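Source file: entry.pdb. Holds: PDB, C-alpha atoms.
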ATOM      1  CA  MET A   1     163.897 138.290  41.501
ATOM      2  CA  LEU A   2     164.336 135.539  38.926
ATOM      3  CA  PRO A   3     162.040 132.494  38.997
ATOM      4  CA  ALA A   4     163.815 129.203  39.618
ATOM      5  CA  GLN A   5     163.165 125.565  38.829
ATOM      6  CA  ARG A   6     163.564 122.635  41.261
ATOM      7  CA  THR A   7     163.638 124.973  44.247
ATOM      8  CA  GLY A   8     164.427 123.190  47.491
ATOM      9  CA  ASN A   9     167.203 121.148  45.884
ATOM     10  CA  GLU A  10     170.429 123.042  46.540
ATOM     11  CA  VAL A  11     172.407 121.148  43.915
ATOM     12  CA  LEU A  12     169.883 120.846  41.075
ATOM     13  CA  TYR A  13     167.833 124.029  41.127
ATOM     14  CA  ALA A  14     168.368 126.432  38.238
ATOM     15  CA  TYR A  15     167.170 129.746  36.816
ATOM     16  CA  ASN A  16     165.411 130.562  33.574
ATOM     17  CA  THR A  17     168.463 130.797  31.330
ATOM     18  CA  MET A  18     167.214 133.562  29.045
ATOM     19  CA  GLN A  19     166.118 135.728  31.951
ATOM     20  CA  LEU A  20     169.451 135.219  33.699
ATOM     21  CA  LEU A  21     171.272 136.052  30.481
ATOM     22  CA  ARG A  22     169.339 139.321  30.076
ATOM     23  CA  VAL A  23     170.075 140.372  33.667
ATOM     24  CA  VAL A  24     173.823 139.692  33.426
ATOM     25  CA  ARG A  25     174.032 141.382  29.998
ATOM     26  CA  ARG A  26     172.241 144.482  31.293
ATOM     27  CA  ILE A  27     174.198 144.851  34.546
ATOM     28  CA  LYS A  28     177.610 143.493  33.502
ATOM     29  CA  PRO A  29     178.607 143.182  37.178
ATOM     30  CA  ASP A  30     182.183 143.363  38.421
ATOM     31  CA  ILE A  31     181.568 140.319  40.639
ATOM     32  CA  ILE A  32     178.964 137.582  40.648
ATOM     33  CA  PHE A  33     178.876 135.763  43.974
ATOM     34  CA  VAL A  34     176.748 132.585  44.102
ATOM     35  CA  GLU A  35     176.046 131.199  47.566
ATOM     36  CA  GLN A  36     175.462 127.629  46.449
ATOM     37  CA  GLY A  37     178.738 125.761  46.487
ATOM     38  CA  GLU A  38     181.108 124.304  43.943
ATOM     39  CA  HIS A  39     178.727 121.580  42.705
ATOM     40  CA  ALA A  40     175.555 123.617  42.224
ATOM     41  CA  LEU A  41     173.924 123.521  38.806
ATOM     42  CA  SER A  42     172.806 127.136  39.299
ATOM     43  CA  TYR A  43     176.442 128.196  39.700
ATOM     44  CA  LEU A  44     177.520 126.300  36.592
ATOM     45  CA  GLN A  45     174.632 127.893  34.683
ATOM     46  CA  THR A  46     175.696 131.327  35.943
ATOM     47  CA  ILE A  47     179.278 130.662  34.822
ATOM     48  CA  PHE A  48     178.238 129.763  31.263
ATOM     49  CA  VAL A  49     175.936 132.783  30.965
ATOM     50  CA  THR A  50     178.562 135.153  32.393
ATOM     51  CA  LYS A  51     181.356 133.904  30.139
ATOM     52  CA  PHE A  52     179.053 134.466  27.143
ATOM     53  CA  VAL A  53     177.770 137.998  27.867
ATOM     54  CA  SER A  54     180.090 139.485  30.522
ATOM     55  CA  PRO A  55     183.471 137.720  30.344
ATOM     56  CA  LYS A  56     185.255 140.319  32.496
ATOM     57  CA  SER A  57     183.037 139.640  35.518
ATOM     58  CA  LYS A  58     184.702 137.844  38.414
ATOM     59  CA  LEU A  59     183.004 134.663  39.660
ATOM     60  CA  ALA A  60     183.026 133.364  43.219
ATOM     61  CA  PHE A  61     181.018 130.924  45.320
ATOM     62  CA  PHE A  62     180.275 129.994  48.923
ATOM     63  CA  SER A  63     180.490 126.566  50.584
ATOM     64  CA  TRP A  64     179.797 125.072  54.006
ATOM     65  CA  ILE A  65     180.857 121.516  53.127
ATOM     66  CA  ASN A  66     183.417 120.337  55.698
ATOM     67  CA  TRP A  67     183.443 116.584  55.102
ATOM     68  CA  LYS A  68     183.579 114.142  52.192
ATOM     69  CA  PRO A  69     180.102 112.605  51.874
ATOM     70  CA  LYS A  70     179.602 109.046  50.653
ATOM     71  CA  LEU A  71     178.065 109.186  47.180
ATOM     72  CA  SER A  72     176.602 106.804  44.669
ATOM     73  CA  PHE A  73     178.490 106.290  41.400
ATOM     74  CA  LYS A  74     175.927 108.417  39.537
ATOM     75  CA  SER A  75     176.288 111.255  42.041
ATOM     76  CA  LYS A  76     180.073 111.033  41.935
ATOM     77  CA  VAL A  77     180.066 111.425  38.162
ATOM     78  CA  PHE A  78     177.589 114.338  38.148
ATOM     79  CA  LEU A  79     179.198 116.195  41.052
ATOM     80  CA  GLY A  80     182.678 115.445  39.768
ATOM     81  CA  VAL A  81     181.966 117.056  36.400
ATOM     82  CA  THR A  82     180.039 120.057  37.735
ATOM     83  CA  GLY A  83     182.583 120.584  40.517
ATOM     84  CA  TRP A  84     185.532 120.503  38.110
ATOM     85  CA  LEU A  85     183.896 122.996  35.744
ATOM     86  CA  CYS A  86     182.811 125.327  38.553
ATOM     87  CA  ARG A  87     186.265 125.350  40.119
ATOM     88  CA  LYS A  88     187.977 125.836  36.749
ATOM     89  CA  PHE A  89     186.140 129.105  36.109
ATOM     90  CA  SER A  90     186.056 130.431  39.677
ATOM     91  CA  ASP A  91     188.086 133.472  40.639
ATOM     92  CA  GLY A  92     187.672 132.954  44.383
ATOM     93  CA  PHE A  93     185.542 131.439  47.122
ATOM     94  CA  ILE A  94     184.268 131.984  50.646
ATOM     95  CA  VAL A  95     183.686 129.141  53.106
ATOM     96  CA  GLY A  96     181.893 129.040  56.433
ATOM     97  CA  ASN A  97     184.509 127.101  58.400
ATOM     98  CA  LYS A  98     188.186 126.165  58.376
ATOM     99  CA  ASP A  99     187.682 122.493  57.461
ATOM    100  CA  ALA A 100     185.783 123.546  54.334
ATOM    101  CA  GLN A 101     188.666 125.867  53.472
ATOM    102  CA  GLU A 102     191.172 123.037  53.871
ATOM    103  CA  LEU A 103     189.157 120.720  51.626
ATOM    104  CA  LEU A 104     188.715 123.317  48.888
ATOM    105  CA  THR A 105     192.269 124.663  48.839
ATOM    106  CA  LYS A 106     193.464 121.163  47.983
ATOM    107  CA  LYS A 107     191.496 121.496  44.732
ATOM    108  CA  LEU A 108     191.547 125.266  44.220
ATOM    109  CA  SER A 109     194.683 126.708  45.776
ATOM    110  CA  LYS A 110     195.602 129.653  43.561
ATOM    111  CA  VAL A 111     192.593 131.935  44.007
ATOM    112  CA  PRO A 112     191.631 134.312  46.844
ATOM    113  CA  ASN A 113     189.572 132.711  49.584
ATOM    114  CA  ALA A 114     188.288 133.546  53.061
ATOM    115  CA  VAL A 115     186.529 131.940  56.024
ATOM    116  CA  ILE A 116     183.400 134.019  56.661
ATOM    117  CA  PRO A 117     180.004 132.720  57.819
ATOM    118  CA  GLN A 118     177.073 133.567  55.564
ATOM    119  CA  LEU A 119     175.164 135.297  58.341
ATOM    120  CA  GLY A 120     176.220 137.333  61.321
ATOM    121  CA  VAL A 121     174.172 138.243  64.359
ATOM    122  CA  ALA A 122     173.023 141.399  66.135
ATOM    123  CA  PRO A 123     174.382 141.634  69.714
ATOM    124  CA  GLN A 124     171.393 142.402  71.927
ATOM    125  CA  ASP A 125     170.961 145.443  74.146
ATOM    126  CA  SER A 126     169.592 145.421  77.700
ATOM    127  CA  LEU A 127     170.670 141.893  78.584
ATOM    128  CA  ILE A 128     169.065 140.277  81.627
ATOM    129  CA  PRO A 129     171.686 139.814  84.386
ATOM    130  CA  VAL A 130     172.833 136.222  84.921
ATOM    131  CA  GLU A 131     171.435 136.045  88.454
ATOM    132  CA  HIS A 132     167.961 137.106  87.263
ATOM    133  CA  ARG A 133     167.646 134.673  84.376
ATOM    134  CA  GLY A 134     165.356 131.682  84.417
ATOM    135  CA  LYS A 135     166.846 128.333  85.382
ATOM    136  CA  LYS A 136     166.350 127.070  81.875
ATOM    137  CA  ILE A 137     168.571 125.013  79.563
ATOM    138  CA  LEU A 138     167.906 125.218  75.823
ATOM    139  CA  PHE A 139     168.529 123.081  72.805
ATOM    140  CA  ILE A 140     167.429 124.672  69.517
ATOM    141  CA  GLY A 141     167.770 122.801  66.243
ATOM    142  CA  ARG A 142     167.024 119.527  64.491
ATOM    143  CA  LEU A 143     166.202 116.714  66.867
ATOM    144  CA  MET A 144     168.523 114.011  65.582
ATOM    145  CA  LYS A 145     170.961 111.674  67.304
ATOM    146  CA  ALA A 146     174.040 113.260  65.735
ATOM    147  CA  LYS A 147     173.141 116.510  67.523
ATOM    148  CA  GLY A 148     173.680 114.776  70.884
ATOM    149  CA  VAL A 149     170.103 115.311  72.076
ATOM    150  CA  PHE A 150     169.800 111.936  73.816
ATOM    151  CA  GLU A 151     173.023 112.503  75.760
ATOM    152  CA  LEU A 152     171.758 115.946  76.755
ATOM    153  CA  LEU A 153     168.469 114.527  77.995
ATOM    154  CA  GLU A 154     170.167 111.774  79.985
ATOM    155  CA  ALA A 155     172.722 114.130  81.548
ATOM    156  CA  PHE A 156     169.980 116.561  82.582
ATOM    157  CA  LEU A 157     167.825 113.849  84.148
ATOM    158  CA  LEU A 158     170.793 112.595  86.147
ATOM    159  CA  LEU A 159     171.170 116.097  87.632
ATOM    160  CA  GLN A 160     167.510 116.661  88.429
ATOM    161  CA  ASN A 161     167.627 115.613  92.075
ATOM    162  CA  ASP A 162     170.340 118.182  92.785
ATOM    163  CA  PHE A 163     168.866 120.925  90.578
ATOM    164  CA  PHE A 164     165.116 120.449  90.859
ATOM    165  CA  GLU A 165     164.343 124.080  89.884
ATOM    166  CA  TRP A 166     165.978 123.743  86.480
ATOM    167  CA  GLN A 167     164.162 122.904  83.234
ATOM    168  CA  LEU A 168     165.313 121.558  79.881
ATOM    169  CA  HIS A 169     163.608 122.866  76.722
ATOM    170  CA  PHE A 170     163.958 121.351  73.245
ATOM    171  CA  VAL A 171     162.909 123.676  70.408
ATOM    172  CA  GLY A 172     162.653 122.152  66.946
ATOM    173  CA  SER A 173     161.701 119.021  65.081
ATOM    174  CA  GLY A 174     163.533 116.206  63.374
ATOM    175  CA  PRO A 175     163.681 112.486  62.628
ATOM    176  CA  ASP A 176     164.295 111.453  66.247
ATOM    177  CA  LYS A 177     161.775 113.701  67.994
ATOM    178  CA  LYS A 178     159.280 110.920  68.770
ATOM    179  CA  GLU A 179     161.940 108.679  70.275
ATOM    180  CA  LEU A 180     163.365 111.564  72.306
ATOM    181  CA  LEU A 181     159.913 112.521  73.559
ATOM    182  CA  LYS A 182     159.258 108.928  74.587
ATOM    183  CA  SER A 183     162.546 108.825  76.513
ATOM    184  CA  ALA A 184     161.675 112.068  78.310
ATOM    185  CA  GLN A 185     158.227 110.798  79.280
ATOM    186  CA  LYS A 186     159.769 107.934  81.256
ATOM    187  CA  ASP A 187     160.717 110.508  83.895
ATOM    188  CA  ASP A 188     157.739 111.747  85.937
ATOM    189  CA  ARG A 189     159.298 114.965  87.243
ATOM    190  CA  ASN A 190     157.982 116.928  84.236
ATOM    191  CA  LYS A 191     160.995 119.169  83.834
ATOM    192  CA  VAL A 192     161.588 118.497  80.127
ATOM    193  CA  PHE A 193     159.576 120.469  77.581
ATOM    194  CA  PHE A 194     159.240 120.220  73.797
ATOM    195  CA  HIS A 195     158.364 123.099  71.466
ATOM    196  CA  ASP A 196     157.750 123.107  67.733
ATOM    197  CA  THR A 197     160.078 124.900  65.348
ATOM    198  CA  VAL A 198     159.561 128.667  65.567
ATOM    199  CA  PRO A 199     160.151 131.460  63.017
ATOM    200  CA  HIS A 200     163.621 132.919  63.188
ATOM    201  CA  ASN A 201     162.377 136.267  64.517
ATOM    202  CA  GLU A 202     161.065 134.470  67.618
ATOM    203  CA  ILE A 203     164.387 132.856  68.522
ATOM    204  CA  PHE A 204     165.871 135.801  70.424
ATOM    205  CA  PRO A 205     162.976 136.178  72.919
ATOM    206  CA  ILE A 206     163.310 132.456  73.679
ATOM    207  CA  MET A 207     167.083 132.808  74.091
ATOM    208  CA  LYS A 208     166.777 135.732  76.468
ATOM    209  CA  SER A 209     164.651 133.661  78.842
ATOM    210  CA  ALA A 210     167.361 131.001  79.268
ATOM    211  CA  SER A 211     170.638 130.648  81.148
ATOM    212  CA  ILE A 212     172.416 127.921  79.174
ATOM    213  CA  LEU A 213     172.283 126.743  75.556
ATOM    214  CA  VAL A 214     173.695 123.330  74.666
ATOM    215  CA  LEU A 215     174.584 122.123  71.156
ATOM    216  CA  PRO A 216     176.359 118.799  71.830
ATOM    217  CA  SER A 217     176.786 117.714  68.199
ATOM    218  CA  ARG A 218     179.293 115.047  67.260
ATOM    219  CA  ASP A 219     180.715 113.899  63.918
ATOM    220  CA  THR A 220     179.283 110.963  61.975
ATOM    221  CA  PRO A 221     180.400 109.465  58.639
ATOM    222  CA  GLU A 222     177.374 111.141  56.979
ATOM    223  CA  TRP A 223     177.280 114.539  58.688
ATOM    224  CA  ARG A 224     179.277 117.220  60.512
ATOM    225  CA  GLU A 225     178.153 120.468  62.130
ATOM    226  CA  GLN A 226     179.034 123.176  59.609
ATOM    227  CA  PHE A 227     178.837 126.132  61.993
ATOM    228  CA  GLY A 228     176.109 126.063  64.645
ATOM    229  CA  HIS A 229     174.586 129.512  64.174
ATOM    230  CA  VAL A 230     172.451 129.041  67.264
ATOM    231  CA  LEU A 231     175.660 129.287  69.330
ATOM    232  CA  ILE A 232     176.431 132.847  68.257
ATOM    233  CA  GLU A 233     172.762 133.780  68.642
ATOM    234  CA  ALA A 234     172.920 132.550  72.231
ATOM    235  CA  MET A 235     176.148 134.423  72.938
ATOM    236  CA  ALA A 236     174.590 137.564  71.451
ATOM    237  CA  CYS A 237     171.718 137.205  73.937
ATOM    238  CA  GLY A 238     173.932 136.780  76.989
ATOM    239  CA  VAL A 239     173.480 133.016  77.289
ATOM    240  CA  ALA A 240     176.322 130.720  78.364
ATOM    241  CA  VAL A 241     176.997 127.959  75.822
ATOM    242  CA  ILE A 242     178.157 124.359  75.834
ATOM    243  CA  GLY A 243     179.218 123.015  72.443
ATOM    244  CA  GLY A 244     180.056 119.539  71.247
ATOM    245  CA  CYS A 245     183.252 118.400  69.583
ATOM    246  CA  GLY A 246     181.582 118.044  66.183
ATOM    247  CA  GLY A 247     182.570 119.895  63.033
ATOM    248  CA  ALA A 248     183.052 123.651  63.318
ATOM    249  CA  ILE A 249     181.702 124.032  66.868
ATOM    250  CA  PRO A 250     185.114 124.315  68.600
ATOM    251  CA  GLU A 251     186.246 127.083  66.233
ATOM    252  CA  VAL A 252     182.955 128.966  66.670
ATOM    253  CA  VAL A 253     182.925 128.800  70.485
ATOM    254  CA  GLY A 254     186.660 129.238  71.077
ATOM    255  CA  ASP A 255     187.281 130.003  74.751
ATOM    256  CA  ALA A 256     183.904 131.722  75.172
ATOM    257  CA  GLY A 257     182.102 128.597  76.365
ATOM    258  CA  ILE A 258     182.594 124.964  77.280
ATOM    259  CA  VAL A 259     183.623 122.709  74.378
ATOM    260  CA  LEU A 260     183.150 118.999  74.970
ATOM    261  CA  ARG A 261     186.036 116.749  73.974
ATOM    262  CA  ARG A 262     184.153 113.436  73.868
ATOM    263  CA  GLY A 263     180.495 114.388  74.037
ATOM    264  CA  ASP A 264     179.449 111.462  76.206
ATOM    265  CA  VAL A 265     176.886 111.652  79.001
ATOM    266  CA  SER A 266     179.383 111.805  81.864
ATOM    267  CA  GLU A 267     181.324 114.715  80.358
ATOM    268  CA  LEU A 268     178.124 116.576  79.515
ATOM    269  CA  LYS A 269     176.811 116.012  83.045
ATOM    270  CA  VAL A 270     179.979 117.515  84.560
ATOM    271  CA  SER A 271     179.818 120.511  82.211
ATOM    272  CA  LEU A 272     176.160 121.171  82.951
ATOM    273  CA  ARG A 273     176.714 120.887  86.694
ATOM    274  CA  SER A 274     179.555 123.403  86.562
ATOM    275  CA  LEU A 275     177.331 126.039  84.916
ATOM    276  CA  MET A 276     174.113 125.249  86.781
ATOM    277  CA  SER A 277     175.816 125.561  90.158
ATOM    278  CA  ASN A 278     178.025 128.584  89.552
ATOM    279  CA  ASP A 279     176.598 132.003  88.629
ATOM    280  CA  LYS A 280     180.084 133.517  88.482
ATOM    281  CA  LEU A 281     181.271 130.963  85.933
ATOM    282  CA  ARG A 282     178.166 131.475  83.819
ATOM    283  CA  LYS A 283     178.684 135.229  83.963
ATOM    284  CA  ALA A 284     182.321 134.854  82.885
ATOM    285  CA  PHE A 285     181.297 132.817  79.833
ATOM    286  CA  VAL A 286     178.449 135.223  79.065
ATOM    287  CA  GLU A 287     180.886 138.147  78.983
ATOM    288  CA  LYS A 288     183.414 136.251  76.866
ATOM    289  CA  GLY A 289     180.699 135.092  74.484
ATOM    290  CA  PHE A 290     179.269 138.574  74.049
ATOM    291  CA  ASP A 291     182.741 140.007  73.378
ATOM    292  CA  ARG A 292     183.458 137.217  70.872
ATOM    293  CA  VAL A 293     180.241 137.902  68.977
ATOM    294  CA  GLN A 294     180.972 141.623  68.795
ATOM    295  CA  ALA A 295     184.523 140.998  67.573
ATOM    296  CA  LEU A 296     183.879 138.173  65.070
ATOM    297  CA  TYR A 297     180.220 137.641  64.244
ATOM    298  CA  ALA A 298     178.350 140.968  64.375
ATOM    299  CA  HIS A 299     176.649 141.883  61.079
ATOM    300  CA  GLU A 300     178.976 144.854  60.612
ATOM    301  CA  VAL A 301     182.067 142.673  61.067
ATOM    302  CA  ILE A 302     180.835 140.089  58.550
ATOM    303  CA  ALA A 303     180.000 142.842  56.058
ATOM    304  CA  GLU A 304     183.494 144.329  56.386
ATOM    305  CA  GLN A 305     185.107 140.921  55.858
ATOM    306  CA  ILE A 306     183.046 140.239  52.731
ATOM    307  CA  SER A 307     183.850 143.720  51.392
ATOM    308  CA  ALA A 308     187.573 143.097  51.975
ATOM    309  CA  PHE A 309     187.330 139.769  50.130
ATOM    310  CA  PHE A 310     185.604 141.397  47.152
ATOM    311  CA  LYS A 311     188.287 144.100  46.997
ATOM    312  CA  LYS A 312     190.966 141.419  46.998
ATOM    313  CA  LEU A 313     189.102 139.588  44.235
ATOM    314  CA  MET A 314     189.178 142.725  42.064
ATOM    315  CA  SER A 315     192.827 143.600  42.725
TER     316      SER A 315
END

Take the structure in the file and give it back as structure tokens.
Amino acid sequence: MLPAQRTGNEVLYAYNTMQLLRVVRRIKPDIIFVEQGEHALSYLQTIFVTKFVSPKSKLAFFSWINWKPKLSFKSKVFLGVTGWLCRKFSDGFIVGNKDAQELLTKKLSKVPNAVIPQLGVAPQDSLIPVEHRGKKILFIGRLMKAKGVFELLEAFLLLQNDFFEWQLHFVGSGPDKKELLKSAQKDDRNKVFFHDTVPHNEIFPIMKSASILVLPSRDTPEWREQFGHVLIEAMACGVAVIGGCGGAIPEVVGDAGIVLRRGDVSELKVSLRSLMSNDKLRKAFVEKGFDRVQALYAHEVIAEQISAFFKKLMS
């Protein structure tokens, strides 16, 4: 493993150049795949090193970016130059969603590309039957307004009198957690619970205890949901999902869950009611979700897709 500088900054971090040069010179790889996007300084550094010591190596990158962010003039200049250079010397790319593919093919249309998420998921064995699951609704992720957490809280509270056995659990942290917690505390029925962020290996046990997972994200000028990995994790655990209309969520969920068209409180309330009141409907979505994960998002499927892309890159 090579030491890196400015770690934590996806765009600006970089490797020790001499160490990177020695590694590339020794291995002379057929393909170098950098999972940092078209504007990353580490990718540009890798390109320069590779062209110097292993010019026959193919170069490719990965990107999630599915919107055009607003940038300062300084950022536009820096990212414009690095992006142009990185694209110029790239032999292909992988993106995590279709919108990212559309944006990149406008700038880089003559190289192989594919839509493949970075990470798959392991479909779980011994799933708890729908009728035996806890009456628990989950949100897992950053607690921020763009994720639709306030609409989820309001919709759930409006349903409490009809579904008094159900609970809503928020797992995670974020800039709006305090405000969300304060809003939840105005209701004295104590059916809303908050949990700190947990390590990734603890996510599946939490999932398996729930019946419904909701990720009601919506688009903003500054942000879009790039995938929503928690959705496929839920489907892999036999949990019915409700997804927002934001970013890549509709393409991830497909017909294997409920996809909100507007994402407002009234629509979310109707969607929640339909799943909370109907075991058969939940079971139908659970089965569709599990099949979708096995067909599209299992680790083996992702690995095969990446292998096929690499073969195409070398042809």

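Comparing the minimum interatomic distances between Leu127 of chain A and each of A:Ala234, A:Cys245, A:Leu275, A:Val301, counting only C-alpha atoms, we find that A:Ala234 sits nearest.
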
Hits from the PyMOL selection byres ((chain A and resi 246) around 12), listed as a PyMOL selection string: chain A and resi 66-67+99+146-148+215-221+223-228+243-245+247-253+259-263

Write the residues you've just listed into a file as an mmCIF file, keeping the file's coordinate frame, and include C-alpha atoms for each of them.
data_model
loop_
_atom_site.group_PDB
_atom_site.id
_atom_site.type_symbol
_atom_site.label_atom_id
_atom_site.label_comp_id
_atom_site.auth_asym_id
_atom_site.auth_seq_id
_atom_site.Cartn_x
_atom_site.Cartn_y
_atom_site.Cartn_z
ATOM 1 C CA ASN A 66 183.417 120.337 55.698
ATOM 2 C CA TRP A 67 183.443 116.584 55.102
ATOM 3 C CA ASP A 99 187.682 122.493 57.461
ATOM 4 C CA ALA A 146 174.040 113.260 65.735
ATOM 5 C CA LYS A 147 173.141 116.510 67.523
ATOM 6 C CA GLY A 148 173.680 114.776 70.884
ATOM 7 C CA LEU A 215 174.584 122.123 71.156
ATOM 8 C CA PRO A 216 176.359 118.799 71.830
ATOM 9 C CA SER A 217 176.786 117.714 68.199
ATOM 10 C CA ARG A 218 179.293 115.047 67.260
ATOM 11 C CA ASP A 219 180.715 113.899 63.918
ATOM 12 C CA THR A 220 179.283 110.963 61.975
ATOM 13 C CA PRO A 221 180.400 109.465 58.639
ATOM 14 C CA TRP A 223 177.280 114.539 58.688
ATOM 15 C CA ARG A 224 179.277 117.220 60.512
ATOM 16 C CA GLU A 225 178.153 120.468 62.130
ATOM 17 C CA GLN A 226 179.034 123.176 59.609
ATOM 18 C CA PHE A 227 178.837 126.132 61.993
ATOM 19 C CA GLY A 228 176.109 126.063 64.645
ATOM 20 C CA GLY A 243 179.218 123.015 72.443
ATOM 21 C CA GLY A 244 180.056 119.539 71.247
ATOM 22 C CA CYS A 245 183.252 118.400 69.583
ATOM 23 C CA GLY A 247 182.570 119.895 63.033
ATOM 24 C CA ALA A 248 183.052 123.651 63.318
ATOM 25 C CA ILE A 249 181.702 124.032 66.868
ATOM 26 C CA PRO A 250 185.114 124.315 68.600
ATOM 27 C CA GLU A 251 186.246 127.083 66.233
ATOM 28 C CA VAL A 252 182.955 128.966 66.670
ATOM 29 C CA VAL A 253 182.925 128.800 70.485
ATOM 30 C CA VAL A 259 183.623 122.709 74.378
ATOM 31 C CA LEU A 260 183.150 118.999 74.970
ATOM 32 C CA ARG A 261 186.036 116.749 73.974
ATOM 33 C CA ARG A 262 184.153 113.436 73.868
ATOM 34 C CA GLY A 263 180.495 114.388 74.037
#

Test item: the PyMOL selection byres ((chain A and resi 136) around 12) resolved as a PyMOL selection string: chain A and resi 130+132-135+137-139+156+163-170+191-193+206-214+239-240+272+275-276

Atom CA of Glu35 of chain A to atom CA of Ala60 of chain A, straight-line distance in Å: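 Atom CA of Ala60 of chain A sits 8.5 Å away from atom CA of Glu35 of chain A.
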
Picked residues, the PyMOL selection byres ((chain A and resi 114-126) around 10), expected as number ranges by chain: A: 35, 62-64, 92-101, 112-113, 127-129, 204, 208, 226-227, 229-230, 232-238, 290-291, 293-294, 296-303, 305-306, 308-309

Near-Leu157 of chain A list (12 Å; all atoms listed in the file; drop same-chain fewer than 2 positions) as a PyMOL selection string: chain A and resi 150-155+159-164+166-168+183-192+265-266+268-269+272-273

For segment 51-59 of chain A: contacts at 9 Å, only C-alpha atoms, fewer than 6 positions along chain excluded, given as a PyMOL selection string: chain A and resi 21-22+24-25+27-34+89-93+313-314

Excluding Gly257 of chain A and residues on its chain fewer than 5 positions from it, collect all residues at most 8 Å away from it, counting only C-alpha atoms, and give them as a compact mmCIF listing (two decimals) with C-alpha atoms, in the coordinates of the input.
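Output file result_2.txt follows:
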# COMPACT_ATOMS: atom_id res chain seq x y z
CA ALA A 240 176.32 130.72 78.36
CA VAL A 241 177.00 127.96 75.82
CA ILE A 242 178.16 124.36 75.83
CA GLY A 243 179.22 123.02 72.44
CA PHE A 285 181.30 132.82 79.83
CA LYS A 288 183.41 136.25 76.87
CA GLY A 289 180.70 135.09 74.48

Nearby residues (all atoms listed in the file) at most 10 Å from Leu85 of chain A, same-chain spacing under 3 positions excluded, as a list in words: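 The residues satisfying every condition are Glu38, His39, Tyr43, Leu44, Ile47, Phe48, Leu79, Gly80, Val81, Thr82, Lys88, Phe89 and Ser90 of chain A.
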
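Comparing A:Ala4, A:Leu108, A:Val171, A:Leu180 by their smallest distance to Val149 of chain A, the closest is A:Leu180 (using only C-alpha atoms).
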
Point-to-point distance in Å for atom CA of Pro69 of chain A and atom CA of Gly37 of chain A: 14.3 Å
